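What follows is a short report on a single structure.
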Amino acid sequence: MGTKKNLSIAIIVILVLIAAVAIYYFAGAHVPKTIKTGNFNTVTVEKGEVVATLEATGVVESENEVLVLSPAASIVKNILKEPGNQVISGEIILQLQTLPVEDDIEKLKDQLEMKRNNLERTQLNSQSTKLDLDYNEEVKRLKVLSLKAQLGDKEQLLEVGGISPARVEETRQEITLAEKDLAMLVEKNSIRLKQLIAEEKGLLLQIRMDEKMLEEKQELLEKMSVRAPSSGIILNINAHVGEKVPADKMLVQMSDLSTFKLNGSVDEKYASQIKTGSPVFVTVEGEQLKGLIGSVTPMVENNKVQFNVHLDKNNHPKLIANQNVQIQIFSQKKDNVLRIRKLPDIEPGKPCKIFVVQGEKAVKREITIGITGNEYFEIISGLKEGEMVIADETSSFRHLSEFAINQ
């Protein structure tokens, strides 16, 4: 009985001693009052910018939505792709019946052939008519010359009394009439030639118009195979095989994968800090991309605020549709302020005490923290530029006002 009692007393004493040692240690009584150089890290107080950001999540999305319309009224012949399929530029999505367009092309070809034949006949007719007109003019000119020669002979006969003056006058009148007839013929021939030229130009114009229409129909025939205008993802196909569709009906809705934006969301408690034009940066596979907040959705859904981000390099090759990314939103920024790199045992909003290296000792000092950035604290008071602060965890020295640094 006595042995058991003595054992219990011994155990109690041991526990009391252990508790005393623990209290002694954690009260700082057993804290070493020296530390060797090289056994701790320091940070230097400097001037620079302090940037504070909010963390948000985002999804990479196509910046542009593309609508593909029906090129003409037709019937859907075949659908080769489905919503969700990724396509490259020029790839066929669906095909329309081409028979009506092919019929129009054949008709235009027949019309063109006929008009080209008409043009050839008109050109030949023009050449023939011009020869006839030139011949008639030449006949009239020769007649005028002949009458003038006769007049000369008659005037000589008149001088010797071999002919009457009336015959001479008659010849003069015939010359006048012949000259007027020639002038009229020349004028009529000129008008006729202009008419022939106008007819030829008219036929040429009709042929060019038909050729242009034929070219458009041939292009339309190619468009009846509806292709992706750019690389992207098909969101919706608004048609089915056998359906009759009018011209300009929206057939395909797709996203353009040539440029991207981000669709971001952040907790509603940060709603007041999400503003259009605020800068952000996003890290994608180790590369940092910059951007600006665009529109902000006024409605809050599932305790989240939605917004989109327009990137400076919206066609960066590392951007992939539906890729999840972390977005850092610049909430505060100060330039050329006193700062130190973030320390492990400093909590923003609470009194801060750190150890400053002063020669061969580290002295405790109370400081005031301003902005807490991603990498730096802003120093409001308590430190000067160039001072060195112990960067390691210093809770074991918390009850000391200073300690020595041994070389």
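Convention: chains lettered A, B, ... in structure tokens order; per-chain residue numbering from 1; ligands numbered from 1 as shown.
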Do you know which residues are at most 7 Å from segment 217-234 of chain A counting only C-alpha atoms, after dropping those on the same chain fewer than 3 positions away, and could you put them as a PDB file with C-alpha atoms, in the first residue's frame?
```pdb
ATOM      1  CA  PRO A  71     -26.417  31.663 -99.197  1.00  0.00           C
ATOM      2  CA  GLU A  82     -22.553  18.482 -84.980  1.00  0.00           C
ATOM      3  CA  PRO A  83     -22.661  21.019 -82.109  1.00  0.00           C
ATOM      4  CA  GLY A  84     -19.485  20.724 -80.071  1.00  0.00           C
ATOM      5  CA  ASN A  85     -17.334  19.747 -83.056  1.00  0.00           C
ATOM      6  CA  GLN A  86     -14.194  21.773 -83.585  1.00  0.00           C
ATOM      7  CA  VAL A  87     -13.653  22.857 -87.197  1.00  0.00           C
ATOM      8  CA  ILE A  88     -10.888  24.574 -89.105  1.00  0.00           C
ATOM      9  CA  SER A  89     -11.371  27.437 -91.525  1.00  0.00           C
ATOM     10  CA  GLY A  90     -12.864  26.240 -94.838  1.00  0.00           C
ATOM     11  CA  GLU A  91     -14.114  22.902 -93.516  1.00  0.00           C
ATOM     12  CA  ILE A  92     -17.588  21.888 -94.791  1.00  0.00           C
ATOM     13  CA  ILE A  93     -20.299  21.911 -92.111  1.00  0.00           C
ATOM     14  CA  LEU A  94     -23.395  21.148 -94.209  1.00  0.00           C
ATOM     15  CA  GLN A  95     -24.455  20.949 -97.864  1.00  0.00           C
ATOM     16  CA  LEU A  96     -27.494  22.417 -99.637  1.00  0.00           C
ATOM     17  CA  THR A  98     -27.506  22.732-105.811  1.00  0.00           C
ATOM     18  CA  VAL A 101     -28.362  27.092-108.979  1.00  0.00           C
ATOM     19  CA  ILE A 105     -25.976  28.566-114.558  1.00  0.00           C
ATOM     20  CA  MET A 213     -24.075  37.082-113.059  1.00  0.00           C
ATOM     21  CA  LEU A 214     -22.661  33.745-114.208  1.00  0.00           C
ATOM     22  CA  GLN A 253     -23.747  29.389 -84.830  1.00  0.00           C
ATOM     23  CA  MET A 254     -20.100  28.959 -83.899  1.00  0.00           C
ATOM     24  CA  SER A 255     -17.311  30.492 -81.853  1.00  0.00           C
ATOM     25  CA  ASP A 256     -14.259  31.965 -83.533  1.00  0.00           C
ATOM     26  CA  LEU A 257     -11.033  30.501 -82.112  1.00  0.00           C
ATOM     27  CA  SER A 258      -8.722  33.121 -83.623  1.00  0.00           C
TER      28      SER A 258
END
```
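Within the 7 Å cut-off around Asn238 of chain A, using only C-alpha atoms and omitting residues fewer than 4 positions from it on the same chain, the listed residues are Met250, Leu251 and Val252 of chain A.
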Give me, as a compact mmCIF listing (two decimals) with N, CA and C atoms, in the first residue's frame, the residues of segment 155-294 of chain A that a backbone DSSP run labels alpha helix (DSSP H).
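The result, stored in result01.txt:
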```txt
# COMPACT_ATOMS: atom_id res chain seq x y z
N GLU A 155 -19.44 76.02 -169.89
CA GLU A 155 -19.06 77.43 -169.79
C GLU A 155 -18.16 77.81 -170.97
N GLN A 156 -17.30 76.91 -171.43
CA GLN A 156 -16.46 77.18 -172.60
C GLN A 156 -17.32 77.29 -173.87
N LEU A 157 -18.30 76.36 -173.98
CA LEU A 157 -19.19 76.42 -175.14
C LEU A 157 -20.01 77.70 -175.12
N LEU A 158 -20.39 78.15 -173.93
CA LEU A 158 -21.19 79.37 -173.81
C LEU A 158 -20.40 80.57 -174.32
N GLU A 159 -19.10 80.58 -174.09
CA GLU A 159 -18.27 81.69 -174.53
C GLU A 159 -18.20 81.79 -176.07
N PRO A 165 -27.25 79.92 -172.24
CA PRO A 165 -27.00 80.18 -170.80
C PRO A 165 -27.89 79.34 -169.88
N ALA A 166 -29.10 79.00 -170.36
CA ALA A 166 -30.03 78.23 -169.52
C ALA A 166 -29.47 76.84 -169.22
N ARG A 167 -28.77 76.26 -170.25
CA ARG A 167 -28.19 74.94 -170.02
C ARG A 167 -27.06 75.01 -168.98
N VAL A 168 -26.31 76.05 -169.01
CA VAL A 168 -25.23 76.23 -168.03
C VAL A 168 -25.81 76.37 -166.60
N GLU A 169 -26.88 77.19 -166.50
CA GLU A 169 -27.52 77.41 -165.20
C GLU A 169 -28.12 76.11 -164.65
N GLU A 170 -28.67 75.33 -165.57
CA GLU A 170 -29.25 74.06 -165.16
C GLU A 170 -28.19 73.14 -164.55
N THR A 171 -27.01 73.14 -165.18
CA THR A 171 -25.92 72.31 -164.65
C THR A 171 -25.48 72.79 -163.27
N ARG A 172 -25.42 74.14 -163.13
CA ARG A 172 -25.05 74.68 -161.80
C ARG A 172 -26.05 74.22 -160.72
N GLN A 173 -27.32 74.23 -161.03
CA GLN A 173 -28.36 73.81 -160.08
C GLN A 173 -28.21 72.31 -159.75
N GLU A 174 -27.88 71.53 -160.80
CA GLU A 174 -27.66 70.10 -160.56
C GLU A 174 -26.49 69.87 -159.61
N ILE A 175 -25.43 70.67 -159.77
CA ILE A 175 -24.27 70.56 -158.86
C ILE A 175 -24.67 70.90 -157.43
N THR A 176 -25.44 71.98 -157.26
CA THR A 176 -25.89 72.39 -155.92
C THR A 176 -26.71 71.30 -155.27
N LEU A 177 -27.62 70.71 -156.01
CA LEU A 177 -28.46 69.63 -155.48
C LEU A 177 -27.62 68.40 -155.14
N ALA A 178 -26.64 68.10 -156.02
CA ALA A 178 -25.79 66.93 -155.78
C ALA A 178 -24.93 67.12 -154.53
N GLU A 179 -24.43 68.34 -154.34
CA GLU A 179 -23.63 68.61 -153.14
C GLU A 179 -24.48 68.51 -151.86
N LYS A 180 -25.73 69.03 -151.93
CA LYS A 180 -26.61 68.91 -150.78
C LYS A 180 -26.96 67.45 -150.51
N ASP A 181 -27.18 66.72 -151.59
CA ASP A 181 -27.48 65.29 -151.45
C ASP A 181 -26.31 64.55 -150.81
N LEU A 182 -25.07 64.91 -151.24
CA LEU A 182 -23.88 64.29 -150.66
C LEU A 182 -23.75 64.62 -149.17
N ALA A 183 -23.97 65.90 -148.84
CA ALA A 183 -23.86 66.32 -147.43
C ALA A 183 -24.88 65.59 -146.56
N MET A 184 -26.10 65.43 -147.10
CA MET A 184 -27.14 64.74 -146.35
C MET A 184 -26.78 63.26 -146.17
N LEU A 185 -26.24 62.68 -147.23
CA LEU A 185 -25.85 61.27 -147.16
C LEU A 185 -24.74 61.06 -146.13
N VAL A 186 -23.77 61.99 -146.12
CA VAL A 186 -22.68 61.89 -145.14
C VAL A 186 -23.22 61.97 -143.71
N GLU A 187 -24.20 62.90 -143.49
CA GLU A 187 -24.78 63.05 -142.16
C GLU A 187 -25.54 61.79 -141.74
N LYS A 188 -26.35 61.27 -142.71
CA LYS A 188 -27.11 60.05 -142.41
C LYS A 188 -26.18 58.87 -142.13
N ASN A 189 -25.11 58.77 -142.93
CA ASN A 189 -24.16 57.68 -142.72
C ASN A 189 -23.49 57.77 -141.34
N SER A 190 -23.19 59.01 -140.93
CA SER A 190 -22.57 59.23 -139.62
C SER A 190 -23.51 58.76 -138.51
N ILE A 191 -24.81 59.13 -138.64
CA ILE A 191 -25.80 58.71 -137.65
C ILE A 191 -25.94 57.18 -137.63
N ARG A 192 -25.96 56.60 -138.83
CA ARG A 192 -26.11 55.16 -138.92
C ARG A 192 -24.92 54.44 -138.28
N LEU A 193 -23.73 54.96 -138.51
CA LEU A 193 -22.53 54.35 -137.91
C LEU A 193 -22.58 54.45 -136.38
N LYS A 194 -23.05 55.57 -135.88
CA LYS A 194 -23.19 55.73 -134.42
C LYS A 194 -24.20 54.74 -133.85
N GLN A 195 -25.29 54.53 -134.61
CA GLN A 195 -26.29 53.55 -134.18
C GLN A 195 -25.69 52.15 -134.11
N LEU A 196 -24.90 51.80 -135.12
CA LEU A 196 -24.26 50.49 -135.13
C LEU A 196 -23.29 50.32 -133.96
N ILE A 197 -22.53 51.41 -133.66
CA ILE A 197 -21.60 51.37 -132.52
C ILE A 197 -22.37 51.21 -131.21
N ALA A 198 -23.51 51.96 -131.09
CA ALA A 198 -24.33 51.87 -129.87
C ALA A 198 -24.90 50.47 -129.70
N GLU A 199 -25.36 49.87 -130.82
CA GLU A 199 -25.89 48.52 -130.74
C GLU A 199 -24.81 47.53 -130.28
N GLU A 200 -23.61 47.71 -130.79
CA GLU A 200 -22.52 46.83 -130.42
C GLU A 200 -22.16 47.00 -128.94
N LYS A 201 -22.12 48.26 -128.47
CA LYS A 201 -21.83 48.53 -127.07
C LYS A 201 -22.91 47.95 -126.17
N GLY A 202 -24.17 48.06 -126.60
CA GLY A 202 -25.27 47.52 -125.81
C GLY A 202 -25.16 46.02 -125.64
N LEU A 203 -24.82 45.34 -126.74
CA LEU A 203 -24.65 43.89 -126.66
C LEU A 203 -23.46 43.51 -125.77
N LEU A 204 -22.37 44.29 -125.88
CA LEU A 204 -21.20 44.03 -125.04
C LEU A 204 -21.54 44.22 -123.56
N LEU A 205 -22.34 45.26 -123.26
CA LEU A 205 -22.74 45.51 -121.89
C LEU A 205 -23.61 44.37 -121.34
N GLN A 206 -24.55 43.89 -122.17
CA GLN A 206 -25.39 42.77 -121.76
C GLN A 206 -24.55 41.53 -121.51
N ILE A 207 -23.56 41.31 -122.37
CA ILE A 207 -22.70 40.13 -122.21
C ILE A 207 -21.90 40.22 -120.91
N ARG A 208 -21.36 41.44 -120.63
CA ARG A 208 -20.60 41.60 -119.39
C ARG A 208 -21.48 41.38 -118.17
N MET A 209 -22.71 41.89 -118.22
CA MET A 209 -23.64 41.71 -117.09
C MET A 209 -23.95 40.24 -116.88
N ASP A 210 -24.18 39.52 -117.99
CA ASP A 210 -24.46 38.09 -117.88
C ASP A 210 -23.24 37.32 -117.39
N GLU A 211 -22.04 37.75 -117.84
CA GLU A 211 -20.81 37.09 -117.38
C GLU A 211 -20.62 37.29 -115.88
N LYS A 212 -20.91 38.50 -115.42
CA LYS A 212 -20.81 38.78 -113.99
C LYS A 212 -21.83 37.95 -113.20
N MET A 213 -23.04 37.87 -113.73
CA MET A 213 -24.08 37.08 -113.06
C MET A 213 -23.70 35.60 -113.04
N LEU A 214 -23.10 35.14 -114.15
CA LEU A 214 -22.66 33.74 -114.21
C LEU A 214 -21.57 33.48 -113.17
N GLU A 215 -20.65 34.45 -113.05
CA GLU A 215 -19.58 34.31 -112.05
C GLU A 215 -20.17 34.26 -110.64
N GLU A 216 -21.17 35.11 -110.38
CA GLU A 216 -21.81 35.12 -109.05
C GLU A 216 -22.53 33.79 -108.78
N LYS A 217 -23.20 33.27 -109.82
CA LYS A 217 -23.89 31.99 -109.66
C LYS A 217 -22.91 30.86 -109.41
N GLN A 218 -21.77 30.91 -110.08
CA GLN A 218 -20.76 29.87 -109.88
C GLN A 218 -20.17 29.96 -108.46
N GLU A 219 -19.99 31.20 -107.97
CA GLU A 219 -19.54 31.38 -106.59
C GLU A 219 -20.61 30.87 -105.62
N LEU A 220 -21.88 31.17 -105.96
CA LEU A 220 -22.98 30.70 -105.11
C LEU A 220 -23.02 29.18 -105.07
N LEU A 221 -22.76 28.55 -106.22
CA LEU A 221 -22.73 27.09 -106.26
C LEU A 221 -21.69 26.54 -105.29
N GLU A 222 -20.55 27.20 -105.22
CA GLU A 222 -19.50 26.79 -104.29
C GLU A 222 -19.96 26.99 -102.84
N LYS A 223 -20.72 28.08 -102.61
CA LYS A 223 -21.19 28.38 -101.25
C LYS A 223 -22.29 27.45 -100.78
```
- Message: Which residue is closest to Tyr376 of chain A? Choose from A:Leu151, A:Val45, A:Val50, A:Val356 and count only C-alpha atoms.
- Response: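 Checking each of A:Leu151, A:Val45, A:Val50, A:Val356 against Tyr376 of chain A, counting only C-alpha atoms, the winner is A:Val50.
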- Long-range neighbours of Gln306 of chain A as an MDAnalysis selection string, 7 Å cut-off, only C-alpha atoms, 4 positions minimum in chain: chainID A and resid 264:266 296:297
N, CA and C atoms of the current selection, written as a short mmCIF file (atom, residue, chain, number, x, y, z; two decimals), in the first residue's frame:
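Just written: again13.cif:
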```
data_model
loop_
_atom_site.label_atom_id
_atom_site.label_comp_id
_atom_site.auth_asym_id
_atom_site.auth_seq_id
_atom_site.Cartn_x
_atom_site.Cartn_y
_atom_site.Cartn_z
N GLY A 264 -14.90 35.76 -66.27
CA GLY A 264 -14.45 35.60 -64.90
C GLY A 264 -15.57 35.69 -63.89
N SER A 265 -15.29 35.20 -62.68
CA SER A 265 -16.24 35.33 -61.57
C SER A 265 -15.46 35.48 -60.28
N VAL A 266 -16.06 36.23 -59.34
CA VAL A 266 -15.42 36.49 -58.06
C VAL A 266 -16.51 36.58 -57.01
N VAL A 296 -19.25 44.23 -66.71
CA VAL A 296 -19.51 43.55 -65.44
C VAL A 296 -21.01 43.28 -65.36
N THR A 297 -21.39 42.03 -65.14
CA THR A 297 -22.81 41.68 -65.05
C THR A 297 -23.39 42.23 -63.75
#
```
- Fewer than 5 positions away in the same chain doesn't count, so skip those; otherwise give me all residues within 7 Å of Pro246 of chain A, counting only C-alpha atoms, as a list in words.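 Non-adjacent residues within range: Ala72, Ala73 and Ser74 of chain A.
Using only C-alpha atoms for every distance, the candidate list A:Val363, A:Lys384, A:Val51, A:Thr368 yields A:Thr368 as the residue closest to Glu347 of chain A.
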